[in-house]
Amino acid sequence: MVEWLKKENELGVEQPYCAVLATVTSTGIPHSRVVAIREIETDSLLFFTQQKTRKVNELLNNPSASMNFLLTRQERQITLEGTAIPLSKEENMQFWQTLPRERQLRFSAYAPTSGQVIQDLNELEKRKKDLVERFTNQSIPMSEFYYGFRFTPETFIFYTVGSISFSEVIKYSKKRKVWQQQLLSP
């Protein structure tokens with residue numbers, strides 16, 4: 001998977017590490033949105049969001065989710081199915097400290113009202129300006145709304161579009177801690 005993402009970057013896609021995350025409400029209504037993957041570990045992926053968002057609520061109620069990476073330059077896609085578990089406060093703090101100052105400021109300005117109705121973007125700009133003034137020559141404290149998840153896939157499905165022949169679909173499923181490979185008909 002990492003090789004496909006690196007290749008997409010080499011082919012000119014600036015943000016190949018963005019995936020569509022799909023969750024469901026408690027009544028089974030699906031919802032999807034794009035998330036930036038901050039880190040790919042040996043057996044999981046990390047992403048961060050605002051604590052009061054719909055995705056956090058849905059994942060806390062039902063941690064089952066799926067992710068999809070669309071690799072348009074290679075005519076490929078990767079679908080992952082698994083569970084998303086919240087990171088500890090210590091892990092969140094570790095990643096917060098690696099964010100550039102500008103991103104910390106921007107997040108701290110919009111996170112308290114994420115998903116809520118605002119008058120205009122000037123409201124967020126004012127909050128950001130206030131934060132810049134308040135924390136001049138100081139580190140930005142971690143926002144109480146900064147919230148990370150560790151997504152652990154149980155299934156990977158790799159799709160490669162066939163230009164003349166059939167598309168190739170390879171599924172990897174974890175059964176009793178062992179990955180099994182299957183070739184699927186497209």
# chains A, B, ... in the order shown; residues from 1 in each chain; ligands from 1

call {"tool": "closest_atom_pairs", "arguments": {"of": "stretch 54-172 of chain A", "to": "stretch 7-14 of chain A", "cutoff": "12 Å", "atoms": "only C-alpha atoms", "output": "JSON lines"}}
result
{"residue": "A:Phe69", "atom": "CA", "partner": "A:Glu8", "partner_atom": "CA", "distance": 10.6}
{"residue": "A:Leu70", "atom": "CA", "partner": "A:Glu8", "partner_atom": "CA", "distance": 9.7}
{"residue": "A:Leu71", "atom": "CA", "partner": "A:Glu8", "partner_atom": "CA", "distance": 6.4}
{"residue": "A:Thr72", "atom": "CA", "partner": "A:Glu8", "partner_atom": "CA", "distance": 8.0}
{"residue": "A:Arg73", "atom": "CA", "partner": "A:Glu8", "partner_atom": "CA", "distance": 6.4}
{"residue": "A:Gln74", "atom": "CA", "partner": "A:Glu8", "partner_atom": "CA", "distance": 6.8}
{"residue": "A:Glu75", "atom": "CA", "partner": "A:Glu8", "partner_atom": "CA", "distance": 9.9}
{"residue": "A:Arg76", "atom": "CA", "partner": "A:Glu8", "partner_atom": "CA", "distance": 9.6}
{"residue": "A:Gln77", "atom": "CA", "partner": "A:Glu8", "partner_atom": "CA", "distance": 10.8}

call {"tool": "closest_atom_pairs", "arguments": {"of": "stretch 65-153 of chain A", "to": "stretch 23-43 of chain A", "cutoff": "8 Å", "atoms": "only C-alpha atoms", "output": "tab-separated table"}}
result
residue	atom	partner	partner_atom	distance
A:Ala65	CA	A:Thr23	CA	5.1
A:Ser66	CA	A:Thr23	CA	7.0
A:Thr152	CA	A:Asp43	CA	6.3
A:Pro153	CA	A:Asp43	CA	7.4

call {"tool": "write_last_selection", "arguments": {"atoms": "C-alpha atoms", "output": "JSON list (two decimals), in the first residue's frame"}}
result
[["chain", "number", "residue", "atom", "x", "y", "z"],
["A", 65, "ALA", "CA", -15.28, 1.91, 9.37],
["A", 66, "SER", "CA", -13.80, 1.78, 5.92],
["A", 152, "THR", "CA", -6.56, -0.95, 12.17],
["A", 153, "PRO", "CA", -7.55, -2.71, 8.94]]

call {"tool": "closest_residue", "arguments": {"among": "A:Leu87, A:Ile140, A:Leu80, A:Leu46", "to": "A:Phe158", "atoms": "only C-alpha atoms"}}
result
A:Leu80

call {"tool": "atom_distance", "arguments": {"atom1": "atom CA of A:Arg150", "atom2": "atom CA of A:Thr49"}}
result
11.8 Å

call {"tool": "select_by_dssp", "arguments": {"residues": "stretch 44-175 of chain A", "states": "helix (DSSP H, G or I)", "output": "JSON, numbers by chain"}}
result
{"A": [54, 55, 56, 57, 58, 59, 60, 61, 72, 73, 74, 89, 90, 91, 92, 93, 94, 95, 96, 101, 102, 103, 104, 105, 106, 107, 108, 109, 110, 111, 112, 113, 121, 122, 123, 124, 125, 126, 127, 128, 129, 130, 131, 132, 133, 134]}

call {"tool": "atom_distance", "arguments": {"atom1": "atom CA of A:Ser114", "atom2": "atom CA of A:Glu90"}}
result
22.9 Å

call {"tool": "select_by_dssp", "arguments": {"residues": "chain A", "states": "strand (DSSP E or B)", "output": "ChimeraX atom specification"}}
result
/A:18-24,30-40,45-50,64-71,76-86,146-160,168-175,178-184

call {"tool": "closest_residue", "arguments": {"among": "A:Thr53, A:Val169, A:Ser139, A:Trp96", "to": "A:Gln116", "atoms": "only C-alpha atoms"}}
result
A:Thr53

call {"tool": "residues_around", "arguments": {"residues": "stretch 129-137 of chain A", "least_positions_apart": "5", "cutoff": "9 Å", "atoms": "only C-alpha atoms", "output": "JSON, numbers by chain"}}
result
{"A": [105, 108, 109, 124]}

call {"tool": "closest_residue", "arguments": {"among": "A:Thr160, A:Ser44, A:Ser185, A:Gln50", "to": "A:Asn92", "atoms": "only C-alpha atoms"}}
result
A:Gln50

call {"tool": "residues_around", "arguments": {"residues": "A:Ile85", "least_positions_apart": "3", "cutoff": "7 Å", "atoms": "only C-alpha atoms", "output": "number ranges by chain"}}
result
A: 63, 149-151

call {"tool": "write_last_selection", "arguments": {"atoms": "N, CA and C atoms", "output": "PDB file, in the first residue's frame"}}
result
ATOM      1  N   PRO A  63     -17.067   1.639  16.140  1.00  0.00           N
ATOM      2  CA  PRO A  63     -15.710   1.840  15.619  1.00  0.00           C
ATOM      3  C   PRO A  63     -15.434   1.190  14.259  1.00  0.00           C
ATOM      4  N   PHE A 149      -7.273   9.111  15.973  1.00  0.00           N
ATOM      5  CA  PHE A 149      -7.727   7.717  15.923  1.00  0.00           C
ATOM      6  C   PHE A 149      -6.643   6.854  15.303  1.00  0.00           C
ATOM      7  N   ARG A 150      -6.598   5.604  15.754  1.00  0.00           N
ATOM      8  CA  ARG A 150      -5.766   4.571  15.133  1.00  0.00           C
ATOM      9  C   ARG A 150      -6.724   3.626  14.405  1.00  0.00           C
ATOM     10  N   PHE A 151      -6.617   3.615  13.078  1.00  0.00           N
ATOM     11  CA  PHE A 151      -7.458   2.751  12.255  1.00  0.00           C
ATOM     12  C   PHE A 151      -6.671   1.481  11.964  1.00  0.00           C
TER      13      PHE A 151
END

call {"tool": "closest_residue", "arguments": {"among": "A:Gln104, A:Ser173, A:Ser167, A:Gln51", "to": "A:Gly148", "atoms": "only C-alpha atoms"}}
result
A:Gln51

call {"tool": "atom_distance", "arguments": {"atom1": "atom CA of A:Val2", "atom2": "atom CA of A:Asn62"}}
result
27.0 Å

call {"tool": "closest_residue", "arguments": {"among": "A:Ser165, A:Gln119, A:Thr113, A:Ser64", "to": "A:Phe145", "atoms": "only C-alpha atoms"}}
result
A:Thr113

call {"tool": "closest_residue", "arguments": {"among": "A:Glu144, A:Glu81, A:Glu91, A:Glu168", "to": "A:Phe107", "atoms": "only C-alpha atoms"}}
result
A:Glu144
